[in-house]
Every structure is written in structure tokens, then in C-alpha cells.
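Read the structure below first, then the notes.
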Amino acid sequence: MQKRQYVIIGVSILLLVVGYFSMEFLIGQKPAKKKKTPPRSILQVHAKKVTYLDITSPVQFNGRVISAELIDVVAEAPGKITKGNINLKRGSSFQKGDILFSIYKDEKELDLKAQKSAFLSKIANVLVEIQIDYPQEFSMFQRFFNEIKTDRELPKFPQYKDEKLKVFLASRDILTTYYTIQKNELQLKRHTVLAPFSGAIAEVVHETGTYVNTGIPVARIINTQQLEIEVAVDNDCVKLIGIGDLVQINSEEETFLTKGKVIRKTDFIDDNTQTTTFYVAANNARVLKIGQYLKIDFPGRPIDDVMEIPREAVFELNKVHTVEDGLIKVHTVDIELKKKNTVLFKGLKPGLQVVTEPLVSTKVNTEAKILGQQDQKVQSQKRQGSGMGTGQGRRKNAAK
């Protein structure tokens, strides 16, 4: 019984071994599958042939309306500030010649009247001697005496020619007193501050009723009739703008307001903004308001032998991609002007294909195909083939 079991087990093992080797043999007879090679990847890009032209590029910058005249008004005499023709408040408007404010002057006026009265006495005392010793000059001094009023400015001093009369007047202290009174009259005028132009009060430093000393700021005034637009221009665009250029002035909503002209510019660069400031005068200043922000369109000036491409096609400040013999290359260019969406450059050999779109993480010598170029070649070949066929048909017809 056991012998029979051994025989069964042995036959089973033999069958398994034979079956395994038979399977291996059959598998070996099956042809191996060929590995598929992945298709070659070619980058497709937009490019443009390098061609240089003279390009006039208009530029636009934001500007702010300011007053052409902004003055700090200071006290030219000590005393208490008193009200003038207007309220000394921020925003108050005034006309040229209006009294902005006064410095209390009653005591100064009384003192000046006393000085004029004393001067009248001096002139009266010398008139008799002038009549006797200098009769030809008497009528002139008599008229001068009559014109002196204590509440008015001194009249012009008589113009005499006699040198002896000059010595006589000096000895009586007439000339010294006259010029001292004139000086005090000027000082009294400084107690009243008149508006030098029509405008408005931009800022008040000291209110009515405050006591101030000489030289202390009281208010800041602006001329609302003479307005300018202050425009900060990037330094690479300064060469495109000149004094006298005509410009178009638009609101922030791009609504046309008026035209204007560039009247001046600064000869230095602003430390904070690193820009150069241009000033524009508007043809119709009535449509502008101080503090308003506007858009200024400058006509620009021609730049010789440059090419314009999208700004996003330039990377690392001044590098671009090109396609040469089907491969991506990198070149450094000279940037002549950076605009909002494009740049003007030089430095590439004419005829090269410069890429006009950004290529992210693209390595040099990557295979590339220019979009649209192949279609143009096919169309060109079709046109040439069509032309050749027509020519052969014509020759055949001629042979017949």
C-alpha cells in the first residue's frame, strides 16, 4: 500500500516538473514585445523676426494739480492779529488787494501822527528864514508845508539845487526827521497784510487774536487762478519729453479735459521717488481743481533703430529667448525704453527670431518650433507648386 502511494507521489512530481519546463519552453518561443519609444517633445513658441525701425512712442504719466504760487505769510511787525476783509480760516477765498489780516497798530499810528506834528513845527520855524535867505525856494517849501497831513503819507520832499540851503536844512535836522518819518510809515504799512493775488487760504498757523512776533508764520495762501500740473516721470522716459511739448490732459476716468504745454522741469532727481518732475500748464485752467489727480499724455519723441516686443518676453532685466536652427538660445539686449506693456530694445542681429512670450524654466538648446511659420512655408510651397503646374500646362499648350 505504501509502495503505491510512493508511486503516485513520484508521478505527480514528475508531471509538475515536465509541465514547468514545457511552459518555460513555450514562453521562450513567443516573440518579445518591442518597447515603444515616446514621441519627441518639441516646444512651440511665438516669435518675430528682428527688424529695427524708428519708433515714436507716446507715454502717459499721472500728475497732480498744484498752485503756481504758494506763499507763507509771516508777521512783519510784532503785535496782536486783528481781522481783515476776510475770515482768517482755512478755505477762505480772497481777491487781490484784500486785507488778509492786520497786526494791532493803533499806538503806532498815534506815534506817527505825533512825529508829523513835530515835523510841521520844524518846517514852520524855518519857513521865515527860507523866505528871507532863499526867496526863490520859498514857494516850493510853502506848498510842501501845506501838503503835510498827519493822517496821510508825507509828500515828496522839495527838490532844491542851492547847496547853502542843503546845509541850512541839515543844520535844522529837517532832512533827518523827514526820512525817519518815512521809515516809520513803511513800518506801519507792515502792520497791514494785503493779498498779492486772488486765491484762497490753504493753512492757518495762528488765529485772529493771537499775539505774534516779527517773522512768525501766520498763514499759507495759494493762487487759485494760476494752476500747474506736477508730473513725476521715470528717468528712462525723460528723453522722450521736452520743454514746449503739447500734451493732452485727461481725468482719472480717461475723460478728456483740456490740452496743455510742458513749461519746465527739474534738473535733479527726487530722492524719494527717483523720478524727474515736469510741470504742465493747462490751456483751460478753469476745469482743474487744486489737488486733483490727472493723466497726462505726452506725444513722445522718435527712438532710432529699435524693435518693440511684449515686456513679459524679457527676463532677468535684459535677456530674451531666440530660436536658432530649431533650438532655444538666450541673448542679452540693450533696453532703450520700458513702457507699461512693451519694451524697445537693440542689440540683436537683424533676421534672428526673437521669442515674444515668456518661457518658464526653459533650458538653452531645447528644441522649438515657431508657431505659424510652418503653415506659412506649406502655403508658400503650395503657391509655388501651383505656379509650376500652370507653367507646364502653358508650355504643353504651346507645343500643341
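Ordered as shown in the C-alpha cells, chains take letters A, B, and onward, while each chain numbers its residues from 1 and ligands are numbered from 1 in the order shown.
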Neighbour list for Leu240 in chain A as a PDB file with C-alpha atoms, in the first residue's frame, cut-off 8 Å, only C-alpha atoms, skip fewer than 2 positions in-chain:
```
ATOM      1  CA  CYS A 237      11.391 108.320 -20.251  1.00  0.00           C
ATOM      2  CA  VAL A 238      12.853 111.779 -19.575  1.00  0.00           C
ATOM      3  CA  GLY A 242      10.888 118.272 -23.889  1.00  0.00           C
ATOM      4  CA  GLY A 300       6.923 111.221 -27.160  1.00  0.00           C
ATOM      5  CA  ARG A 301       9.947 111.506 -29.420  1.00  0.00           C
ATOM      6  CA  PRO A 302      11.364 109.088 -32.038  1.00  0.00           C
TER       7      PRO A 302
END
```
Near-range 59-61 of chain A list (8 Å; only C-alpha atoms; drop same-chain fewer than 2 positions) as a list in words:
Ser57, Gly63, Val231, Ala232, Val233, Cys237, Lys295, Ile296, Asp297, Phe298, Pro299, Gly300 and Lys339 of chain A
Next, dump the selected residues to file, keeping only C-alpha atoms, as a short mmCIF file (atom, residue, chain, number, x, y, z; two decimals), in the first residue's frame.
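Output file part.cif is given in full below:
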```
data_model
loop_
_atom_site.label_atom_id
_atom_site.label_comp_id
_atom_site.auth_asym_id
_atom_site.auth_seq_id
_atom_site.Cartn_x
_atom_site.Cartn_y
_atom_site.Cartn_z
CA SER A 57 6.38 106.12 -28.53
CA GLY A 63 0.07 114.25 -12.35
CA VAL A 231 4.14 115.16 -13.17
CA ALA A 232 6.73 112.64 -11.92
CA VAL A 233 8.41 110.98 -14.93
CA CYS A 237 11.39 108.32 -20.25
CA LYS A 295 -3.47 111.57 -16.57
CA ILE A 296 -1.09 113.39 -18.92
CA ASP A 297 -0.47 112.02 -22.43
CA PHE A 298 2.91 113.10 -23.83
CA PRO A 299 3.46 112.75 -27.60
CA GLY A 300 6.92 111.22 -27.16
CA LYS A 339 6.66 101.00 -21.35
#
```
Pull the strand (DSSP E or B) assignments for range 279-339 of chain A out of DSSP run on the backbone, and list those residues as number ranges by chain.
A: 279-282, 293-298, 302-310, 315, 319-324, 327-332, 334-338
Spatial neighbours of Leu43 in chain A, 8 Å, only C-alpha atoms, chain gap at least 5 places, as a PyMOL selection string
chain A and resi 366-369
Mind dumping the selected residues with N, CA and C atoms as a PDB file, in the first residue's frame?
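Saved as result29.pdb:
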```
ATOM      1  N   THR A 366      16.882  73.729 -26.048  1.00  0.00           N
ATOM      2  CA  THR A 366      15.625  72.993 -26.153  1.00  0.00           C
ATOM      3  C   THR A 366      15.089  73.126 -27.576  1.00  0.00           C
ATOM      4  N   GLU A 367      14.631  71.987 -28.141  1.00  0.00           N
ATOM      5  CA  GLU A 367      14.082  72.041 -29.497  1.00  0.00           C
ATOM      6  C   GLU A 367      12.792  72.850 -29.514  1.00  0.00           C
ATOM      7  N   ALA A 368      12.629  73.671 -30.510  1.00  0.00           N
ATOM      8  CA  ALA A 368      11.467  74.560 -30.566  1.00  0.00           C
ATOM      9  C   ALA A 368      10.999  74.739 -31.998  1.00  0.00           C
ATOM     10  N   LYS A 369       9.714  75.004 -32.100  1.00  0.00           N
ATOM     11  CA  LYS A 369       9.091  75.266 -33.395  1.00  0.00           C
ATOM     12  C   LYS A 369       8.320  76.575 -33.271  1.00  0.00           C
TER      13      LYS A 369
END
```
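CA of Ser102 in chain A is found 6.1 Å from CA of Gly84 in chain A.
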I'd like the neighbourhood of range 205-219 of chain A as an mmCIF file with C-alpha atoms, in the first residue's frame, where a residue qualifies if any of its atoms comes within 12 Å (using only C-alpha atoms), though same-chain residues fewer than 6 positions away should be ignored.
```cif
data_model
loop_
_atom_site.group_PDB
_atom_site.id
_atom_site.type_symbol
_atom_site.label_atom_id
_atom_site.label_comp_id
_atom_site.auth_asym_id
_atom_site.auth_seq_id
_atom_site.Cartn_x
_atom_site.Cartn_y
_atom_site.Cartn_z
ATOM 1 C CA LEU A 70 2.097 129.156 -2.797
ATOM 2 C CA ILE A 71 3.211 131.712 -0.200
ATOM 3 C CA ASP A 72 3.801 131.577 3.531
ATOM 4 C CA VAL A 73 2.548 134.853 5.008
ATOM 5 C CA VAL A 74 4.560 135.984 8.040
ATOM 6 C CA ALA A 75 4.083 138.806 10.526
ATOM 7 C CA GLU A 76 6.366 141.733 9.633
ATOM 8 C CA ALA A 77 5.656 143.513 12.913
ATOM 9 C CA PRO A 78 5.015 142.361 16.487
ATOM 10 C CA GLY A 79 1.547 142.569 17.985
ATOM 11 C CA LYS A 80 -1.913 141.010 18.160
ATOM 12 C CA ILE A 81 -3.518 139.664 14.949
ATOM 13 C CA THR A 82 -6.735 141.510 14.051
ATOM 14 C CA LYS A 83 -9.324 140.644 11.418
ATOM 15 C CA GLY A 84 -9.055 141.986 7.875
ATOM 16 C CA ILE A 86 -11.923 138.050 5.243
ATOM 17 C CA ASN A 87 -12.125 135.382 7.919
ATOM 18 C CA LEU A 88 -8.672 134.055 8.701
ATOM 19 C CA LYS A 89 -9.805 130.442 8.221
ATOM 20 C CA ARG A 90 -8.662 127.610 6.006
ATOM 21 C CA GLY A 91 -10.514 127.639 2.670
ATOM 22 C CA SER A 92 -11.484 131.315 2.805
ATOM 23 C CA LEU A 100 -5.851 139.268 4.908
ATOM 24 C CA PHE A 101 -5.221 140.400 8.479
ATOM 25 C CA SER A 102 -3.646 143.243 10.450
ATOM 26 C CA ILE A 103 -1.281 143.494 13.369
ATOM 27 C CA TYR A 104 -2.643 145.848 16.067
ATOM 28 C CA GLN A 187 6.868 150.023 9.305
ATOM 29 C CA ARG A 190 3.757 146.229 7.510
ATOM 30 C CA HIS A 191 1.041 146.021 10.146
ATOM 31 C CA VAL A 193 -1.089 142.390 5.128
ATOM 32 C CA ALA A 195 -3.365 139.748 -0.690
#
```
Contacts of Thr273 in chain A within 9 Å, only C-alpha atoms, excl. fewer than 3 positions in-chain, as a count of residues only:
5
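You can rank A:Glu308, A:Asp271, A:Asp98, A:Asp173 by their closest distance to Ala118 in chain A using only C-alpha atoms, and at the top of that list sits A:Asp173.
Of the residues in range 150-210 of chain A, those that DSSP places in helix (DSSP H, G or I) on the basis of the backbone are Glu163, Lys164, Leu165, Lys166, Val167, Phe168, Leu169, Ala170, Ser171, Ile174, Leu175, Thr176, Thr177, Tyr178, Tyr179, Thr180, Ile181, Gln182, Lys183, Asn184, Glu185, Leu186, Gln187, Leu188 and Lys189 of chain A.
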Selection export as a PDB file, in the first residue's frame, atoms kept: C-alpha atoms:
```
ATOM      1  CA  GLU A 163      23.957 173.873  -1.708  1.00  0.00           C
ATOM      2  CA  LYS A 164      23.739 176.512   1.015  1.00  0.00           C
ATOM      3  CA  LEU A 165      20.057 175.621   1.505  1.00  0.00           C
ATOM      4  CA  LYS A 166      21.059 171.998   1.881  1.00  0.00           C
ATOM      5  CA  VAL A 167      23.477 172.909   4.692  1.00  0.00           C
ATOM      6  CA  PHE A 168      20.816 175.046   6.332  1.00  0.00           C
ATOM      7  CA  LEU A 169      18.190 172.254   6.297  1.00  0.00           C
ATOM      8  CA  ALA A 170      20.699 169.739   7.629  1.00  0.00           C
ATOM      9  CA  SER A 171      21.662 172.062  10.486  1.00  0.00           C
ATOM     10  CA  ILE A 174      14.898 168.774   8.745  1.00  0.00           C
ATOM     11  CA  LEU A 175      16.238 166.017   6.459  1.00  0.00           C
ATOM     12  CA  THR A 176      16.863 163.513   9.271  1.00  0.00           C
ATOM     13  CA  THR A 177      13.363 163.978  10.661  1.00  0.00           C
ATOM     14  CA  TYR A 178      11.782 163.620   7.192  1.00  0.00           C
ATOM     15  CA  TYR A 179      13.486 160.283   6.421  1.00  0.00           C
ATOM     16  CA  THR A 180      12.835 158.946   9.940  1.00  0.00           C
ATOM     17  CA  ILE A 181       9.106 159.568   9.457  1.00  0.00           C
ATOM     18  CA  GLN A 182       9.232 157.843   6.048  1.00  0.00           C
ATOM     19  CA  LYS A 183      10.844 154.800   7.663  1.00  0.00           C
ATOM     20  CA  ASN A 184       8.127 154.688  10.326  1.00  0.00           C
ATOM     21  CA  GLU A 185       5.444 154.969   7.637  1.00  0.00           C
ATOM     22  CA  LEU A 186       6.876 151.840   5.980  1.00  0.00           C
ATOM     23  CA  GLN A 187       6.868 150.023   9.305  1.00  0.00           C
ATOM     24  CA  LEU A 188       3.223 150.993   9.823  1.00  0.00           C
ATOM     25  CA  LYS A 189       2.337 149.551   6.399  1.00  0.00           C
TER      26      LYS A 189
END
```
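CA of Lys289 in chain A is found 24.6 Å from CA of Asn85 in chain A.
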Residues near range 326-338 of chain A, anyone? I mean within 8 Å using only C-alpha atoms, not counting same-chain ones fewer than 6 positions away, as a short mmCIF file (atom, residue, chain, number, x, y, z; two decimals) with N, CA and C atoms, in the first residue's frame.
```cif
data_model
loop_
_atom_site.label_atom_id
_atom_site.label_comp_id
_atom_site.auth_asym_id
_atom_site.auth_seq_id
_atom_site.Cartn_x
_atom_site.Cartn_y
_atom_site.Cartn_z
N ASP A 236 13.99 106.79 -17.38
CA ASP A 236 14.25 106.28 -18.73
C ASP A 236 13.32 106.89 -19.77
N CYS A 237 12.30 107.66 -19.32
CA CYS A 237 11.39 108.32 -20.25
C CYS A 237 11.64 109.82 -20.36
N VAL A 306 15.14 100.65 -33.27
CA VAL A 306 14.74 99.81 -32.15
C VAL A 306 13.64 98.86 -32.59
N ARG A 311 6.63 93.20 -22.91
CA ARG A 311 7.52 93.33 -21.76
C ARG A 311 7.75 91.98 -21.07
N ASN A 318 17.29 92.14 -18.83
CA ASN A 318 17.68 92.48 -20.20
C ASN A 318 18.03 91.25 -21.06
N LYS A 319 17.37 90.13 -20.79
CA LYS A 319 17.64 88.92 -21.58
C LYS A 319 16.38 88.47 -22.32
N VAL A 320 16.58 87.90 -23.50
CA VAL A 320 15.47 87.39 -24.30
C VAL A 320 15.84 86.02 -24.85
N LEU A 344 11.27 98.63 -25.80
CA LEU A 344 12.01 98.90 -27.03
C LEU A 344 13.47 98.52 -26.78
N PHE A 345 14.06 97.73 -27.69
CA PHE A 345 15.41 97.25 -27.45
C PHE A 345 16.26 97.30 -28.71
N LYS A 346 17.58 97.17 -28.50
CA LYS A 346 18.57 97.00 -29.57
C LYS A 346 19.49 95.85 -29.16
N GLY A 347 20.40 95.51 -30.07
CA GLY A 347 21.45 94.57 -29.68
C GLY A 347 21.36 93.19 -30.26
N LEU A 348 20.27 92.83 -30.95
CA LEU A 348 20.17 91.53 -31.62
C LEU A 348 20.47 91.69 -33.11
N LYS A 363 15.26 75.49 -20.90
CA LYS A 363 16.71 75.42 -20.97
C LYS A 363 17.21 75.78 -22.36
N VAL A 364 18.47 76.23 -22.38
CA VAL A 364 19.12 76.51 -23.67
C VAL A 364 19.24 75.21 -24.47
N ASN A 365 19.07 75.33 -25.78
CA ASN A 365 19.16 74.22 -26.75
C ASN A 365 17.94 73.31 -26.71
N THR A 366 16.88 73.73 -26.05
CA THR A 366 15.62 72.99 -26.15
C THR A 366 15.09 73.13 -27.58
N GLU A 367 14.63 71.99 -28.14
CA GLU A 367 14.08 72.04 -29.50
C GLU A 367 12.79 72.85 -29.51
N ALA A 368 12.63 73.67 -30.51
CA ALA A 368 11.47 74.56 -30.57
C ALA A 368 11.00 74.74 -32.00
N LYS A 369 9.71 75.00 -32.10
CA LYS A 369 9.09 75.27 -33.39
C LYS A 369 8.32 76.58 -33.27
#
```
Which residue out of A:Thr56, A:Gly97, A:Lys340, A:Asp245 has the minimum interatomic distance to Thr192 in chain A when only C-alpha atoms are used?
A:Gly97
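Using only C-alpha atoms, the shortest contact distance between Glu253 in chain A and any of A:Leu53, A:Leu294, A:Val355, A:Val314 is found at A:Leu294.
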Enter the distance from CA of Pro350 in chain A to CA of Tyr52 in chain A, in Å, rounded to one decimal.
7.3 Å
Shell of 7 Å around range 277-280 of chain A, only C-alpha atoms, local chain residues under 4 positions omitted, as a ChimeraX atom specification:
/A:228-233,260-266
Have a look at A:Leu352, A:Ile8, A:Ile309, A:Leu227 and name the one nearest to Arg286 in chain A; count only C-alpha atoms.
A:Leu227
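Considering the residues A:Gly199, A:Pro135, A:Gly372, A:Pro158 and counting only C-alpha atoms, Ala68 in chain A has its shortest atom-to-atom contact with A:Gly199.
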Out of A:Leu359, A:Ala114, A:Val128, A:Ala313, which residue has the shortest atom-to-atom distance to Asn341 in chain A when counting only C-alpha atoms?
A:Ala313
